[in-house]
>>> print(open('input38.pdb').read())   # PDB, C-alpha atoms and all ligand atoms
ATOM      1  CA  MET A   1     -18.330  19.580  -8.356
ATOM      2  CA  LEU A   2     -19.129  18.894  -4.744
ATOM      3  CA  LYS A   3     -20.711  15.464  -4.333
ATOM      4  CA  ASP A   4     -24.398  15.631  -3.468
ATOM      5  CA  ASP A   5     -24.531  13.760  -0.186
ATOM      6  CA  ASN A   6     -25.471  14.365   3.469
ATOM      7  CA  ARG A   7     -22.333  16.381   3.995
ATOM      8  CA  LYS A   8     -23.265  18.830   1.252
ATOM      9  CA  GLY A   9     -26.706  19.268   2.840
ATOM     10  CA  MET A  10     -25.048  20.031   6.178
ATOM     11  CA  LEU A  11     -22.716  22.552   4.542
ATOM     12  CA  GLU A  12     -25.654  24.253   2.810
ATOM     13  CA  LYS A  13     -27.355  24.591   6.190
ATOM     14  CA  VAL A  14     -24.223  26.266   7.604
ATOM     15  CA  LEU A  15     -24.094  28.676   4.660
ATOM     16  CA  LYS A  16     -27.752  29.550   5.165
ATOM     17  CA  GLU A  17     -27.338  30.009   8.924
ATOM     18  CA  ASN A  18     -24.579  32.503   8.131
ATOM     19  CA  ASP A  19     -26.806  34.341   5.649
ATOM     20  CA  TYR A  20     -24.262  33.680   2.874
ATOM     21  CA  GLN A  21     -22.204  36.531   4.340
ATOM     22  CA  GLU A  22     -18.625  36.785   3.146
ATOM     23  CA  SER A  23     -17.717  38.126   6.598
ATOM     24  CA  ALA A  24     -18.550  34.658   7.948
ATOM     25  CA  LEU A  25     -15.976  32.965   5.706
ATOM     26  CA  LEU A  26     -13.741  31.778   8.556
ATOM     27  CA  GLU A  27     -16.660  30.362  10.502
ATOM     28  CA  ILE A  28     -17.964  28.646   7.357
ATOM     29  CA  LEU A  29     -14.568  27.101   6.541
ATOM     30  CA  HIS A  30     -14.253  25.987  10.155
ATOM     31  CA  LYS A  31     -17.625  24.208   9.990
ATOM     32  CA  ALA A  32     -16.859  22.812   6.530
ATOM     33  CA  GLN A  33     -13.747  21.196   7.950
ATOM     34  CA  GLU A  34     -15.770  19.761  10.846
ATOM     35  CA  ILE A  35     -18.173  18.259   8.317
ATOM     36  CA  TYR A  36     -15.662  16.947   5.769
ATOM     37  CA  GLY A  37     -12.562  16.541   7.943
ATOM     38  CA  TYR A  38     -10.496  18.554   5.452
ATOM     39  CA  LEU A  39     -10.799  21.230   2.775
ATOM     40  CA  ASP A  40     -10.086  20.550  -0.877
ATOM     41  CA  LYS A  41     -10.268  22.412  -4.158
ATOM     42  CA  ASN A  42     -13.878  21.409  -4.913
ATOM     43  CA  LEU A  43     -15.057  22.428  -1.492
ATOM     44  CA  LEU A  44     -13.250  25.779  -1.506
ATOM     45  CA  THR A  45     -14.475  26.558  -5.015
ATOM     46  CA  TYR A  46     -18.032  25.738  -3.978
ATOM     47  CA  VAL A  47     -17.847  28.027  -0.937
ATOM     48  CA  ALA A  48     -16.311  30.806  -3.063
ATOM     49  CA  ASN A  49     -19.104  30.531  -5.633
ATOM     50  CA  VAL A  50     -21.892  30.518  -3.071
ATOM     51  CA  LEU A  51     -20.437  33.501  -1.192
ATOM     52  CA  LYS A  52     -19.683  35.258  -4.495
ATOM     53  CA  LEU A  53     -16.024  35.645  -3.546
ATOM     54  CA  PRO A  54     -12.997  35.205  -5.814
ATOM     55  CA  PRO A  55     -11.737  31.607  -5.375
ATOM     56  CA  SER A  56      -8.211  32.989  -4.922
ATOM     57  CA  HIS A  57      -9.385  34.828  -1.794
ATOM     58  CA  VAL A  58     -10.970  31.709  -0.281
ATOM     59  CA  PHE A  59      -7.894  29.592  -1.141
ATOM     60  CA  GLY A  60      -5.689  32.292   0.373
ATOM     61  CA  VAL A  61      -7.590  32.284   3.656
ATOM     62  CA  ALA A  62      -7.606  28.473   3.838
ATOM     63  CA  THR A  63      -3.855  28.244   3.270
ATOM     64  CA  PHE A  64      -3.003  31.114   5.621
ATOM     65  CA  TYR A  65      -4.329  29.450   8.759
ATOM     66  CA  SER A  66      -2.420  26.340   9.761
ATOM     67  CA  TYR A  67      -5.552  25.133  11.547
ATOM     68  CA  PHE A  68      -7.117  24.226   8.213
ATOM     69  CA  LYS A  69      -6.221  20.820   6.811
ATOM     70  CA  LEU A  70      -5.929  20.938   3.052
ATOM     71  CA  LYS A  71      -6.176  17.943   0.796
ATOM     72  CA  ALA A  72      -3.433  17.956  -1.814
ATOM     73  CA  PRO A  73      -4.473  17.147  -5.396
ATOM     74  CA  GLY A  74      -3.976  13.483  -6.208
ATOM     75  CA  GLN A  75      -4.119  12.340  -2.619
ATOM     76  CA  HIS A  76      -6.510   9.644  -1.503
ATOM     77  CA  VAL A  77      -8.414  10.563   1.605
ATOM     78  CA  VAL A  78     -10.005   8.376   4.224
ATOM     79  CA  THR A  79     -12.250  10.088   6.723
ATOM     80  CA  GLY A  80     -13.678   8.360   9.763
ATOM     81  CA  CYS A  81     -16.844   9.594  11.420
ATOM     82  CA  LEU A  82     -16.142   9.901  15.118
ATOM     83  CA  GLY A  83     -19.650  11.043  16.045
ATOM     84  CA  THR A  84     -21.405   9.244  18.895
ATOM     85  CA  ALA A  85     -23.323   6.643  16.872
ATOM     86  CA  CYS A  86     -20.245   5.645  14.902
ATOM     87  CA  TYR A  87     -18.121   5.649  18.038
ATOM     88  CA  VAL A  88     -20.557   3.289  19.765
ATOM     89  CA  LYS A  89     -20.372   0.996  16.711
ATOM     90  CA  GLU A  90     -16.616   0.821  17.195
ATOM     91  CA  VAL A  91     -15.369   3.009  14.399
ATOM     92  CA  GLU A  92     -12.220   3.362  16.542
ATOM     93  CA  ASP A  93     -11.282  -0.240  15.723
ATOM     94  CA  ILE A  94     -11.457   0.497  12.020
ATOM     95  CA  MET A  95      -9.450   3.716  12.391
ATOM     96  CA  SER A  96      -6.738   1.845  14.304
ATOM     97  CA  ALA A  97      -6.675  -0.904  11.675
ATOM     98  CA  ILE A  98      -6.177   1.728   8.940
ATOM     99  CA  GLU A  99      -3.375   3.374  10.931
ATOM    100  CA  ASN A 100      -1.594   0.055  11.412
ATOM    101  CA  GLU A 101      -2.105  -1.286   7.899
ATOM    102  CA  PHE A 102      -1.022   1.853   6.053
ATOM    103  CA  ASN A 103       1.349   3.332   8.624
ATOM    104  CA  VAL A 104      -0.551   6.599   8.830
ATOM    105  CA  LYS A 105      -1.700   8.615  11.839
ATOM    106  CA  ARG A 106      -5.069  10.350  11.955
ATOM    107  CA  GLY A 107      -4.666  13.956  10.887
ATOM    108  CA  GLY A 108      -1.623  12.987   8.840
ATOM    109  CA  SER A 109      -0.501  11.390   5.599
ATOM    110  CA  THR A 110       1.631   8.427   4.574
ATOM    111  CA  SER A 111       5.295   9.233   3.953
ATOM    112  CA  ASP A 112       4.711   9.048   0.180
ATOM    113  CA  GLY A 113       1.806  11.510   0.524
ATOM    114  CA  LYS A 114      -0.627   9.206  -1.290
ATOM    115  CA  LEU A 115      -3.019   8.634   1.588
ATOM    116  CA  SER A 116      -4.330  10.950   4.273
ATOM    117  CA  LEU A 117      -6.471  10.031   7.245
ATOM    118  CA  PHE A 118      -8.930  12.562   8.597
ATOM    119  CA  MET A 119     -11.777  12.597  11.077
ATOM    120  CA  THR A 120     -15.170  14.192  10.981
ATOM    121  CA  ARG A 121     -18.143  14.470  13.293
ATOM    122  CA  CYS A 122     -21.591  13.094  12.579
ATOM    123  CA  ILE A 123     -22.324  13.178   8.850
ATOM    124  CA  GLY A 124     -26.038  12.608   9.392
ATOM    125  CA  ALA A 125     -26.030   8.921   8.479
ATOM    126  CA  CYS A 126     -26.128   7.439  11.990
ATOM    127  CA  ALA A 127     -28.466   4.603  10.955
ATOM    128  CA  MET A 128     -25.604   3.286   8.822
ATOM    129  CA  ALA A 129     -22.958   3.587  11.575
ATOM    130  CA  PRO A 130     -20.087   3.057  11.586
ATOM    131  CA  ASN A 131     -19.335   5.253   8.561
ATOM    132  CA  ILE A 132     -15.976   5.622   6.859
ATOM    133  CA  ILE A 133     -15.549   7.766   3.758
ATOM    134  CA  VAL A 134     -12.960   6.652   1.220
ATOM    135  CA  ASP A 135     -12.376   9.457  -1.236
ATOM    136  CA  ASP A 136     -15.990  10.451  -1.977
ATOM    137  CA  GLU A 137     -17.599   7.102  -1.242
ATOM    138  CA  VAL A 138     -19.428   6.811   2.069
ATOM    139  CA  ILE A 139     -19.093   3.233   3.324
ATOM    140  CA  GLY A 140     -21.919   2.564   5.775
ATOM    141  CA  LYS A 141     -21.981  -0.337   8.262
ATOM    142  CA  ALA A 142     -18.287  -0.412   7.593
ATOM    143  CA  THR A 143     -16.089  -3.320   8.586
ATOM    144  CA  LYS A 144     -12.302  -3.406   8.808
ATOM    145  CA  GLU A 145     -12.113  -5.888   5.955
ATOM    146  CA  VAL A 146     -14.242  -3.870   3.536
ATOM    147  CA  VAL A 147     -12.540  -0.585   4.336
ATOM    148  CA  LEU A 148      -8.973  -1.903   4.114
ATOM    149  CA  GLU A 149      -9.787  -3.582   0.798
ATOM    150  CA  ARG A 150     -11.381  -0.410  -0.587
ATOM    151  CA  ILE A 151      -8.344   1.675   0.384
ATOM    152  CA  LYS A 152      -5.963  -0.836  -1.210
ATOM    153  CA  LEU A 153      -7.992  -0.711  -4.408
ATOM    154  CA  ALA A 154      -7.878   3.094  -4.430
ATOM    155  CA  LEU A 155      -4.124   3.117  -3.913
ATOM    156  CA  GLU A 156      -3.532   0.484  -6.592
ATOM    157  CA  GLY A 157      -5.820   2.245  -9.033
ATOM    158  CA  GLY A 158      -3.801   5.406  -8.659
ATOM    159  CA  ALA A 159      -6.826   7.539  -9.480
ATOM    160  CA  SER A 160      -7.150  10.700  -7.469
ATOM    161  CA  ALA A 161     -10.218  11.494  -5.416
TER     162      ALA A 161
HETATM  163  S1  LIG A 201     -22.292   9.640  14.248
HETATM  164 FE1  LIG A 201     -21.459   8.955  12.392
HETATM  165  S2  LIG A 201     -23.046   9.401  11.003
HETATM  166 FE2  LIG A 201     -23.861  10.132  12.851
END
>>> encode(input="input38.pdb", output="structure tokens", more="lines below")
Ligand code: FES
Amino acid sequence: MLKDDNRKGMLEKVLKENDYQESALLEILHKAQEIYGYLDKNLLTYVANVLKLPPSHVFGVATFYSYFKLKAPGQHVVTGCLGTACYVKEVEDIMSAIENEFNVKRGGSTSDGKLSLFMTRCIGACAMAPNIIVDDEVIGKATKEVVLERIKLALEGGASA
């Protein structure tokens, strides 16, 4: 199940703009990655269902192109919004703090593969900037302290996203 949040609304708009055409799959996956920062099983299954395509086809396309960033099952994912409003509210500081604290680079994962750090553009919640998404939880008006604590909790809990 894809979480019902702003990002899902933005993805639905993209699907509609592309007339739900299977020929637009690459463009749709491209935009989906811009919105979410990565592609995961839920997201790919959702796109497959909406476009009435076999999930295996959509998974195949997503894994074929190295451009697409895939979230491995069991990984925890932190995604920073680097849109203008969040940038102005110094989301960069939080991203750097995450990189330093967990020894992870944006676009990459920790050496144990438990945490990945991705970036997205505006998720449509500028009033709450800066926004950081930890697994599926959007943390608005985020501070370094809150975000680092939330990530530690996720890693200690061991639950997957
Ligand atoms: S720029 Fe981050 S939510 Fe709009």
>>> residues_around(input="input38.pdb", residues="A:Tyr20", least_positions_apart="3", cutoff="6 Å", atoms="only C-alpha atoms", output="PyMOL selection string")
chain A and resi 15-16+51
>>> resolve_selection(input="input38.pdb", expression="the PyMOL selection byres (((not hetatm)) within 7 of (chain A and resi 201))", output="number ranges by chain")
A: 81-87, 121-126, 128-131
>>> write_last_selection(input="input38.pdb", atoms="C-alpha atoms", output="mmCIF file, in the coordinates of the input")
data_model
loop_
_atom_site.group_PDB
_atom_site.id
_atom_site.type_symbol
_atom_site.label_atom_id
_atom_site.label_comp_id
_atom_site.auth_asym_id
_atom_site.auth_seq_id
_atom_site.Cartn_x
_atom_site.Cartn_y
_atom_site.Cartn_z
ATOM 1 C CA CYS A 81 -16.844 9.594 11.420
ATOM 2 C CA LEU A 82 -16.142 9.901 15.118
ATOM 3 C CA GLY A 83 -19.650 11.043 16.045
ATOM 4 C CA THR A 84 -21.405 9.244 18.895
ATOM 5 C CA ALA A 85 -23.323 6.643 16.872
ATOM 6 C CA CYS A 86 -20.245 5.645 14.902
ATOM 7 C CA TYR A 87 -18.121 5.649 18.038
ATOM 8 C CA ARG A 121 -18.143 14.470 13.293
ATOM 9 C CA CYS A 122 -21.591 13.094 12.579
ATOM 10 C CA ILE A 123 -22.324 13.178 8.850
ATOM 11 C CA GLY A 124 -26.038 12.608 9.392
ATOM 12 C CA ALA A 125 -26.030 8.921 8.479
ATOM 13 C CA CYS A 126 -26.128 7.439 11.990
ATOM 14 C CA MET A 128 -25.604 3.286 8.822
ATOM 15 C CA ALA A 129 -22.958 3.587 11.575
ATOM 16 C CA PRO A 130 -20.087 3.057 11.586
ATOM 17 C CA ASN A 131 -19.335 5.253 8.561
#
>>> resolve_selection(input="input38.pdb", expression="the PyMOL selection byres (((chain A and resi 35-44) around 7) and not hetatm)", output="list of chain:residue names")
A:Met1, A:Leu2, A:Arg7, A:Lys31, A:Ala32, A:Gln33, A:Glu34, A:Thr45, A:Tyr46, A:Val47, A:Ala48, A:Val58, A:Phe59, A:Lys69, A:Leu70, A:Lys71, A:Thr79, A:Phe118, A:Met119, A:Thr120, A:Arg121, A:Ile123
>>> closest_residue(input="input38.pdb", among="A:Leu25, A:Leu148, A:Asp135, A:Lys114", to="A:Gly74", atoms="all atoms listed in the file")
A:Lys114
>>> atom_distance(input="input38.pdb", atom1="atom CA of A:Glu145", atom2="atom CA of A:Ala97")
9.3 Å
>>> atom_distance(input="input38.pdb", atom1="atom CA of A:Thr63", atom2="atom CA of A:Gly9")
24.6 Å
>>> resolve_selection(input="input38.pdb", expression="the PyMOL selection byres (((chain A and resi 142) around 8) and not hetatm)", output="PyMOL selection string")
chain A and resi 129-132+139-141+143-144+146-147
>>> closest_residue(input="input38.pdb", among="A:Ser116, A:Ser56, A:Asp4, A:Leu26", to="A:His76", atoms="all atoms listed in the file")
A:Ser116
>>> closest_residue(input="input38.pdb", among="A:Gly107, A:Glu17, A:Leu117, A:Met10", to="A:Tyr67", atoms="all atoms listed in the file")
A:Gly107
>>> atom_distance(input="input38.pdb", atom1="atom CA of A:Ser96", atom2="atom CA of A:Thr110")
14.4 Å
>>> residues_around(input="input38.pdb", residues="A:Leu115", least_positions_apart="2", cutoff="8 Å", atoms="all atoms listed in the file", output="short mmCIF file (atom, residue, chain, number, x, y, z; two decimals) with C-alpha atoms, in the coordinates of the input")
data_model
loop_
_atom_site.label_atom_id
_atom_site.label_comp_id
_atom_site.auth_asym_id
_atom_site.auth_seq_id
_atom_site.Cartn_x
_atom_site.Cartn_y
_atom_site.Cartn_z
CA GLN A 75 -4.12 12.34 -2.62
CA HIS A 76 -6.51 9.64 -1.50
CA VAL A 77 -8.41 10.56 1.60
CA VAL A 78 -10.01 8.38 4.22
CA VAL A 104 -0.55 6.60 8.83
CA SER A 109 -0.50 11.39 5.60
CA THR A 110 1.63 8.43 4.57
CA ASP A 112 4.71 9.05 0.18
CA GLY A 113 1.81 11.51 0.52
CA LEU A 117 -6.47 10.03 7.24
CA LEU A 155 -4.12 3.12 -3.91
#
